[in-house]
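Structure file entry_3.cif (mmCIF, C-alpha atoms) follows.
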```
data_model
#
loop_
_atom_site.label_atom_id
_atom_site.label_comp_id
_atom_site.auth_asym_id
_atom_site.auth_seq_id
_atom_site.Cartn_x
_atom_site.Cartn_y
_atom_site.Cartn_z
CA MET A 1 112.57 108.37 106.45
CA THR A 2 109.51 107.50 108.48
CA ASP A 3 107.39 104.77 106.91
CA PHE A 4 105.02 101.98 107.95
CA SER A 5 107.72 99.97 109.72
CA THR A 6 109.20 102.79 111.80
CA PRO A 7 108.59 102.25 115.55
CA ALA A 8 106.79 104.99 117.46
CA GLN A 9 106.29 106.25 121.00
CA PHE A 10 102.77 107.53 121.68
CA GLY A 11 102.71 108.68 125.28
CA ASP A 12 103.42 105.52 127.29
CA LEU A 13 102.66 103.27 124.30
CA GLN A 14 105.70 101.85 122.48
CA LEU A 15 104.48 100.78 119.02
CA LYS A 16 106.34 98.30 116.78
CA ASN A 17 105.21 100.13 113.64
CA ARG A 18 103.04 103.05 112.49
CA LEU A 19 100.12 101.09 111.09
CA VAL A 20 96.86 101.26 113.08
CA LEU A 21 93.77 99.07 112.84
CA ALA A 22 90.92 101.59 112.85
CA PRO A 23 87.91 100.91 115.10
CA LEU A 24 85.45 98.81 113.08
CA THR A 25 81.97 97.79 114.18
CA ARG A 26 81.46 94.17 113.05
CA THR A 27 78.54 92.99 115.27
CA ARG A 28 80.05 89.61 116.12
CA ALA A 29 79.69 89.74 119.93
CA THR A 30 76.98 87.78 121.76
CA GLU A 31 73.49 89.14 122.36
CA ASP A 32 74.74 90.03 125.86
CA ARG A 33 77.63 91.96 124.29
CA VAL A 34 80.34 89.55 125.39
CA PRO A 35 83.37 89.17 123.06
CA THR A 36 83.58 85.73 121.45
CA ASP A 37 86.30 83.26 120.45
CA LEU A 38 85.65 84.21 116.83
CA MET A 39 86.58 87.78 117.75
CA VAL A 40 89.82 86.44 119.26
CA GLU A 41 90.75 85.00 115.87
CA TYR A 42 89.79 88.20 114.04
CA TYR A 43 91.99 90.45 116.17
CA GLN A 44 94.80 87.91 116.27
CA GLN A 45 94.90 87.92 112.45
CA ARG A 46 95.35 91.70 112.42
CA ALA A 47 97.91 92.04 115.20
CA ASN A 48 100.52 92.88 112.56
CA ALA A 49 99.39 96.48 113.21
CA GLY A 50 101.47 98.35 115.74
CA LEU A 51 98.29 99.59 117.40
CA ILE A 52 94.87 97.97 117.41
CA LEU A 53 91.91 100.16 118.27
CA THR A 54 89.00 97.91 119.13
CA GLU A 55 85.58 98.20 117.61
CA ALA A 56 83.46 100.74 119.49
CA THR A 57 82.61 99.23 122.88
CA VAL A 58 79.60 100.42 124.88
CA ILE A 59 79.95 101.63 128.45
CA SER A 60 76.46 100.63 129.61
CA GLU A 61 73.25 98.91 128.54
CA GLN A 62 71.78 102.34 127.74
CA ALA A 63 74.73 103.36 125.54
CA VAL A 64 73.88 100.96 122.70
CA GLY A 65 72.72 101.65 119.16
CA TYR A 66 73.39 98.38 117.35
CA GLU A 67 72.85 94.72 118.10
CA ARG A 68 75.80 92.49 119.04
CA THR A 69 78.35 95.23 119.60
CA PRO A 70 80.62 94.41 122.54
CA GLY A 71 80.47 96.08 125.92
CA LEU A 72 82.73 96.77 128.86
CA TYR A 73 80.48 97.16 131.89
CA ASN A 74 80.44 93.70 133.49
CA GLN A 75 82.74 90.82 134.41
CA ALA A 76 81.64 88.49 131.61
CA GLN A 77 82.75 91.12 129.11
CA VAL A 78 86.05 91.60 130.92
CA GLN A 79 86.76 87.88 130.66
CA GLY A 80 85.86 87.84 126.96
CA TRP A 81 88.22 90.73 126.22
CA LYS A 82 91.07 89.11 128.17
CA LYS A 83 91.38 86.35 125.58
CA ILE A 84 91.55 88.87 122.74
CA ILE A 85 94.15 90.98 124.53
CA GLU A 86 96.37 87.96 125.24
CA ALA A 87 96.26 86.93 121.58
CA VAL A 88 97.26 90.42 120.43
CA HIS A 89 100.03 90.77 123.01
CA GLN A 90 101.57 87.49 121.84
CA GLN A 91 102.45 89.34 118.62
CA ASP A 92 103.90 92.38 120.40
CA SER A 93 101.05 94.62 119.29
CA LYS A 94 99.28 97.12 121.53
CA ILE A 95 95.50 97.07 121.91
CA VAL A 96 93.43 100.02 123.11
CA VAL A 97 89.68 99.81 123.72
CA GLN A 98 87.42 102.46 122.20
CA LEU A 99 84.75 103.47 124.74
CA TRP A 100 81.38 104.46 123.28
CA HIS A 101 77.95 105.89 124.00
CA VAL A 102 75.80 106.39 120.90
CA GLY A 103 73.37 108.91 122.39
CA ARG A 104 70.54 109.72 119.97
CA ILE A 105 71.78 107.28 117.29
CA SER A 106 69.70 104.46 118.70
CA ASP A 107 66.12 103.25 118.95
CA PRO A 108 63.78 102.36 121.84
CA SER A 109 63.76 98.73 120.67
CA LEU A 110 67.45 98.53 121.59
CA LEU A 111 66.96 100.27 124.93
CA GLY A 112 64.23 98.26 126.59
CA GLY A 113 61.65 100.75 125.36
CA GLU A 114 63.47 103.80 126.72
CA THR A 115 63.93 106.92 124.57
CA PRO A 116 67.50 107.53 123.36
CA VAL A 117 69.27 110.44 125.06
CA SER A 118 71.29 113.35 123.72
CA ALA A 119 72.56 116.82 124.56
CA SER A 120 69.27 118.27 123.29
CA ALA A 121 65.95 116.94 122.03
CA ILE A 122 66.80 117.23 118.32
CA GLN A 123 65.78 114.39 116.01
CA PRO A 124 68.53 113.21 113.64
CA ALA A 125 67.75 112.77 109.98
CA GLY A 126 67.97 109.28 108.57
CA GLN A 127 67.05 105.76 109.60
CA VAL A 128 68.38 103.46 112.27
CA SER A 129 71.28 101.38 110.95
CA LEU A 130 70.86 97.63 110.57
CA LEU A 131 67.41 97.38 112.22
CA ARG A 132 64.57 95.84 110.22
CA PRO A 133 61.95 96.88 109.38
CA LYS A 134 63.55 100.21 108.59
CA ARG A 135 62.50 103.11 110.81
CA ASP A 136 63.38 106.77 111.28
CA TYR A 137 65.41 107.88 114.26
CA VAL A 138 63.19 109.11 117.08
CA THR A 139 63.49 112.47 118.82
CA PRO A 140 65.85 111.92 121.76
CA ARG A 141 65.39 113.06 125.33
CA ALA A 142 67.75 115.78 126.55
CA LEU A 143 69.87 114.56 129.45
CA GLU A 144 69.46 116.27 132.81
CA THR A 145 72.63 117.83 134.20
CA ALA A 146 72.99 115.16 136.88
CA GLU A 147 72.57 112.45 134.25
CA VAL A 148 75.44 113.92 132.23
CA GLN A 149 77.69 113.67 135.26
CA ALA A 150 76.53 110.08 135.85
CA ILE A 151 77.61 109.15 132.30
CA VAL A 152 81.06 110.61 132.98
CA GLU A 153 81.23 108.19 135.89
CA GLN A 154 80.21 105.31 133.60
CA TYR A 155 83.19 106.09 131.39
CA ARG A 156 85.42 106.00 134.46
CA GLN A 157 84.04 102.62 135.48
CA SER A 158 84.56 101.20 131.98
CA ALA A 159 88.12 102.52 132.05
CA ILE A 160 88.68 100.66 135.33
CA LEU A 161 87.35 97.45 133.77
CA ALA A 162 89.58 98.02 130.73
CA LYS A 163 92.60 98.04 133.04
CA GLU A 164 91.38 94.87 134.74
CA ALA A 165 91.01 93.17 131.35
CA GLY A 166 94.61 94.02 130.44
CA PHE A 167 94.19 96.61 127.70
CA ASP A 168 97.11 98.95 126.98
CA GLY A 169 94.90 102.03 127.19
CA VAL A 170 91.58 103.54 126.18
CA GLU A 171 90.36 105.71 123.32
CA ILE A 172 87.35 107.93 123.92
CA HIS A 173 84.96 107.89 120.96
CA ALA A 174 84.05 111.56 120.50
CA ALA A 175 83.31 111.31 116.76
CA ASN A 176 80.79 110.33 114.10
CA GLY A 177 77.72 111.94 115.61
CA TYR A 178 77.56 109.86 118.79
CA LEU A 179 76.87 111.22 122.27
CA ILE A 180 80.06 113.17 122.98
CA ASP A 181 79.98 114.65 119.47
CA GLN A 182 76.33 115.63 120.06
CA PHE A 183 77.49 117.75 123.00
CA LEU A 184 80.50 119.11 121.13
CA GLN A 185 78.89 120.42 117.95
CA SER A 186 76.54 123.40 117.95
CA SER A 187 73.85 121.93 115.67
CA THR A 188 72.98 119.25 118.23
CA ASN A 189 73.62 121.15 121.45
CA GLN A 190 71.12 123.80 122.48
CA ARG A 191 71.58 123.37 126.23
CA GLN A 192 71.28 126.21 128.71
CA ASP A 193 73.39 124.67 131.50
CA GLN A 194 77.19 124.42 131.89
CA TYR A 195 77.30 121.92 129.01
CA GLY A 196 75.83 124.23 126.35
CA GLY A 197 76.43 127.55 124.61
CA SER A 198 80.11 128.50 124.37
CA VAL A 199 82.71 126.16 122.91
CA GLU A 200 84.16 125.82 126.40
CA ASN A 201 80.81 124.57 127.68
CA ARG A 202 80.12 122.28 124.73
CA ALA A 203 83.55 120.67 125.14
CA ARG A 204 83.09 120.27 128.90
CA PHE A 205 81.50 116.79 128.67
CA LEU A 206 84.36 115.42 126.56
CA LEU A 207 87.03 116.96 128.77
CA GLU A 208 85.40 115.74 131.99
CA ILE A 209 85.43 112.21 130.51
CA VAL A 210 89.06 112.60 129.45
CA ASP A 211 90.01 113.77 132.95
CA ALA A 212 88.09 110.89 134.57
CA VAL A 213 89.82 108.33 132.37
CA ILE A 214 93.23 109.95 132.91
CA GLU A 215 92.71 109.47 136.66
CA VAL A 216 92.45 105.74 135.96
CA TRP A 217 95.10 105.30 133.29
CA GLY A 218 97.41 108.31 133.24
CA ALA A 219 97.41 110.67 130.25
CA GLY A 220 100.01 108.61 128.38
CA ARG A 221 97.54 105.78 127.77
CA VAL A 222 94.49 107.81 126.73
CA GLY A 223 93.50 108.70 123.17
CA VAL A 224 90.59 110.66 121.68
CA HIS A 225 88.75 109.97 118.42
CA LEU A 226 87.37 113.01 116.52
CA ALA A 227 85.52 113.63 113.24
CA PRO A 228 85.94 117.36 112.55
CA ARG A 229 83.99 117.39 109.28
CA GLY A 230 80.74 116.57 111.10
CA ASP A 231 79.77 114.39 108.14
CA SER A 232 78.09 111.50 109.97
CA HIS A 233 74.63 111.17 111.50
CA ASP A 234 73.34 114.65 110.68
CA MET A 235 75.99 116.63 112.53
CA GLY A 236 77.28 120.17 112.02
CA ASP A 237 79.00 123.02 113.80
CA ALA A 238 78.79 126.76 113.21
CA ALA A 239 82.56 127.21 113.63
CA PRO A 240 84.32 123.83 113.38
CA ARG A 241 87.85 125.23 113.30
CA GLU A 242 87.18 127.12 116.52
CA THR A 243 85.47 124.14 118.17
CA PHE A 244 88.05 121.52 117.25
CA GLY A 245 90.94 123.91 117.69
CA TYR A 246 89.86 124.51 121.28
CA VAL A 247 89.47 120.77 121.89
CA ALA A 248 92.95 120.17 120.45
CA GLU A 249 94.49 122.80 122.73
CA GLN A 250 92.83 121.30 125.78
CA LEU A 251 93.88 117.76 124.90
CA GLY A 252 97.41 118.98 124.27
CA GLN A 253 97.54 120.58 127.72
CA ARG A 254 96.63 117.19 129.16
CA LYS A 255 99.42 115.51 127.15
CA ILE A 256 97.29 112.56 126.08
CA ALA A 257 98.83 109.70 124.09
CA PHE A 258 97.26 110.48 120.71
CA ILE A 259 94.44 112.06 118.73
CA PHE A 260 92.82 110.07 115.91
CA THR A 261 90.72 111.88 113.30
CA ARG A 262 88.42 110.41 110.69
CA GLU A 263 88.75 113.08 108.02
CA TYR A 264 89.68 112.65 104.38
CA VAL A 265 92.55 114.81 103.17
CA ALA A 266 91.49 118.00 101.37
CA GLU A 267 92.33 121.70 101.27
CA ASP A 268 89.74 122.44 103.97
CA SER A 269 90.89 119.68 106.34
CA ILE A 270 90.90 120.61 110.02
CA SER A 271 93.19 117.79 111.11
CA PRO A 272 96.44 119.76 110.46
CA LEU A 273 95.13 122.44 112.82
CA ILE A 274 94.31 119.78 115.42
CA LYS A 275 97.81 118.32 115.15
CA GLU A 276 99.42 121.76 115.40
CA LYS A 277 97.37 123.00 118.35
CA SER A 278 97.54 119.78 120.35
CA GLY A 279 101.20 118.89 119.86
CA VAL A 280 100.42 115.23 120.60
CA PRO A 281 100.87 112.25 118.25
CA TYR A 282 98.31 112.31 115.45
CA ILE A 283 96.76 109.30 113.66
CA ALA A 284 95.33 109.99 110.19
CA ASN A 285 92.39 108.00 108.81
CA GLU A 286 89.79 107.90 106.03
CA GLY A 287 90.22 107.03 102.41
CA LEU A 288 93.98 106.55 102.59
CA THR A 289 95.90 104.66 99.95
CA ARG A 290 99.35 103.18 100.34
CA ASP A 291 100.88 106.19 98.60
CA SER A 292 98.91 108.86 100.45
CA ALA A 293 99.59 107.17 103.79
CA LEU A 294 103.33 107.04 103.07
CA ALA A 295 103.28 110.69 102.05
CA LEU A 296 101.67 111.68 105.35
CA LEU A 297 104.22 109.68 107.33
CA SER A 298 107.31 110.78 105.42
CA SER A 299 106.32 114.46 105.57
CA GLY A 300 105.51 114.33 109.27
CA GLN A 301 101.91 115.38 108.66
CA ALA A 302 100.82 112.24 110.53
CA ASP A 303 102.58 110.17 113.16
CA ALA A 304 100.67 107.00 112.25
CA VAL A 305 98.08 105.95 109.68
CA ALA A 306 94.92 103.93 110.25
CA PHE A 307 93.06 101.71 107.81
CA GLY A 308 89.58 100.30 108.25
CA ARG A 309 87.93 98.75 105.21
CA SER A 310 91.28 97.60 103.81
CA TYR A 311 92.05 95.88 107.11
CA ILE A 312 88.72 94.05 107.04
CA ALA A 313 89.58 92.48 103.68
CA ASN A 314 93.32 92.06 104.30
CA PRO A 315 94.20 90.58 107.67
CA ASP A 316 97.89 90.83 106.70
CA LEU A 317 97.60 94.44 105.57
CA TYR A 318 100.95 95.44 107.07
CA THR A 319 102.80 92.88 104.94
CA ARG A 320 100.88 93.86 101.81
CA LEU A 321 101.63 97.57 102.31
CA VAL A 322 105.32 97.02 103.03
CA GLU A 323 105.71 94.66 100.05
CA ASN A 324 103.44 96.80 97.85
CA THR A 325 101.32 93.84 96.77
CA GLU A 326 97.74 93.61 95.60
CA LEU A 327 94.91 93.93 98.12
CA ASN A 328 91.86 91.70 98.52
CA GLU A 329 88.55 93.36 97.68
CA LEU A 330 86.09 94.07 100.47
CA ASP A 331 82.74 92.27 100.46
CA VAL A 332 80.45 94.99 101.84
CA GLN A 333 77.59 92.52 102.24
CA THR A 334 79.41 90.74 105.09
CA MET A 335 80.73 93.75 107.00
CA TYR A 336 78.01 93.32 109.62
CA GLY A 337 76.39 90.12 110.73
CA ALA A 338 77.41 86.87 112.40
CA GLY A 339 79.80 84.05 111.71
CA GLU A 340 83.21 83.74 110.10
CA HIS A 341 82.21 84.52 106.49
CA GLY A 342 83.56 87.93 105.58
CA TYR A 343 85.15 88.17 109.03
CA THR A 344 87.97 85.69 109.58
CA ASP A 345 88.07 83.96 106.17
CA TYR A 346 89.83 86.59 104.03
CA PRO A 347 93.05 85.07 102.62
CA SER A 348 96.55 86.14 103.61
CA LEU A 349 99.48 86.29 101.20
CA HIS A 350 101.74 83.83 102.99
CA ALA A 351 99.16 81.60 104.67
#
```
Serialized structure, structure tokens:
Amino acid sequence: MTDFSTPAQFGDLQLKNRLVLAPLTRTRATEDRVPTDLMVEYYQQRANAGLILTEATVISEQAVGYERTPGLYNQAQVQGWKKIIEAVHQQDSKIVVQLWHVGRISDPSLLGGETPVSASAIQPAGQVSLLRPKRDYVTPRALETAEVQAIVEQYRQSAILAKEAGFDGVEIHAANGYLIDQFLQSSTNQRQDQYGGSVENRARFLLEIVDAVIEVWGAGRVGVHLAPRGDSHDMGDAAPRETFGYVAEQLGQRKIAFIFTREYVAEDSISPLIKEKSGVPYIANEGLTRDSALALLSSGQADAVAFGRSYIANPDLYTRLVENTELNELDVQTMYGAGEHGYTDYPSLHA
């Protein structure tokens, strides 16, 4: 029976077990978005996972929406990531970088005074995360067609740097209301060019990025991150099953390594459709417990399971799940910030 400890083959990625560290923004990089030695310790502690997906990592200075999130667009960042990758590889775990552009979920103060960009000039509801004083999101500027194609090239360049750093692959962040999701879903895409209108056009940006990254890495080392409920950052789609079903079919044709969805399990979940239509390994995530994760694995409904908040509080989560022992509680006050408190100082069972 498939469980946490069963090895897996995801494309070209041979995984020692089926537990995945979900991508988790922790804002512990430098102001220049260079990974730090503290981040080395953090990832090293959690390399009991078969697959580590890094925190979302920006592809350019104009892709940012939060302070102190890491980047992958210059050599200093490459060198910072190398130390993390070496520490993870010493424990026979695989590490894949999640490439990110936030689009409209930003603020001019983070962009040198520039207006955030998006598929269309539609202001998101809500306030900018973590910035003080609190402020509403601004109305973004719609990208010109040539600018869209330039961002595809930025993803390619970050994928090249990811290979130079020594990562095992890349995951494209197309979820949670960030830029690719803003193109994909109909509520945020009112474009009149080849990137708007039909589902084929709205998915074009994502698929062009996927194809660009495949040229660098090969399909067997590329993953895609989706959030089909559209429940983050004021998203929504008129026909989500059609939209995400089409995306799944296209990704399946490309034979990518895996699809990861952040979607809690319910009767109206779209993830089973995505798994069926893509035919590629599927990683389940959001609100999982030990029992629900095991049920997904044993039934074949998921090929791996990812934990986020539980992995923050339990660096040895794999051991705790296998041994069915108590979990540390998460301190939500230290999820974001600086320093080791609430980052690398959670206790392990057998420390």
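The residue that comes closest to Ala8 in chain A, out of A:Thr243, A:Ala304, A:Ala165, A:Val102 and on the basis of all atoms listed in the file, is A:Ala304.
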Care to translate the PyMOL selection byres ((chain A and resi 148) around 12) into actual residues of this file, as a CSV table (one decimal) with C-alpha atoms, keeping the file's coordinate frame?
```csv
chain,number,residue,atom,x,y,z
A,101,HIS,CA,78.0,105.9,124.0
A,103,GLY,CA,73.4,108.9,122.4
A,117,VAL,CA,69.3,110.4,125.1
A,118,SER,CA,71.3,113.4,123.7
A,119,ALA,CA,72.6,116.8,124.6
A,120,SER,CA,69.3,118.3,123.3
A,142,ALA,CA,67.8,115.8,126.6
A,143,LEU,CA,69.9,114.6,129.4
A,144,GLU,CA,69.5,116.3,132.8
A,145,THR,CA,72.6,117.8,134.2
A,146,ALA,CA,73.0,115.2,136.9
A,147,GLU,CA,72.6,112.4,134.2
A,149,GLN,CA,77.7,113.7,135.3
A,150,ALA,CA,76.5,110.1,135.8
A,151,ILE,CA,77.6,109.2,132.3
A,152,VAL,CA,81.1,110.6,133.0
A,153,GLU,CA,81.2,108.2,135.9
A,154,GLN,CA,80.2,105.3,133.6
A,155,TYR,CA,83.2,106.1,131.4
A,179,LEU,CA,76.9,111.2,122.3
A,180,ILE,CA,80.1,113.2,123.0
A,183,PHE,CA,77.5,117.8,123.0
A,191,ARG,CA,71.6,123.4,126.2
A,193,ASP,CA,73.4,124.7,131.5
A,194,GLN,CA,77.2,124.4,131.9
A,195,TYR,CA,77.3,121.9,129.0
A,196,GLY,CA,75.8,124.2,126.4
A,204,ARG,CA,83.1,120.3,128.9
A,205,PHE,CA,81.5,116.8,128.7
A,206,LEU,CA,84.4,115.4,126.6
A,208,GLU,CA,85.4,115.7,132.0
A,209,ILE,CA,85.4,112.2,130.5
```
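Residues matched by the PyMOL selection byres ((chain A and resi 85) around 8) in this file are Trp81, Lys82, Lys83, Ile84, Glu86, Ala87, Val88, His89, Ile95, Ala165, Gly166 and Phe167 of chain A.
Using only C-alpha atoms, the shortest contact distance between Asn17 in chain A and any of A:Ala238, A:Leu131, A:Ala125, A:Ala306 is found at A:Ala306.
For the pair CA of Gln14 in chain A and CA of Lys94 in chain A, the interatomic distance is 8.0 Å.
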Evaluated on this file, the PyMOL selection byres ((chain A and resi 327-338) around 10) picks out some residues - which ones are they, written as number ranges by chain? A: 24-30, 38, 67-68, 130, 309-317, 320-321, 324-326, 339-343, 346-349
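Of the listed residues A:His233, A:Arg132, A:Arg262, A:Arg254, the one whose atoms come nearest to His173 in chain A is A:Arg262, with distances taken using only C-alpha atoms.
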Atom pair CA of Ser198 in chain A + CA of Val170 in chain A, distance 27.5 Å
Length of the CA of Pro140 in chain A to CA of Gln62 in chain A vector [Å]: 12.8 Å
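Near Val216 in chain A, within 12 Å and counting all atoms listed in the file, sit Glu153, Tyr155, Arg156, Gln157, Ser158, Ala159, Ile160, Leu161, Ala162, Lys163, Glu164, Gly169, Val170, Ile209, Val210 and Val222 of chain A, not including residues fewer than 6 positions from it in the same chain.
With all atoms listed in the file taken into account, the protein and nucleic acid residues at most 10 Å from Ser129 in chain A (excluding it and anything under 3 positions from it in its own chain) are Gly65, Tyr66, Glu67, Ile105, Ser106, Asp107, Gly126, Arg132, Lys134, Arg135, Asp136 and Tyr137 of chain A.
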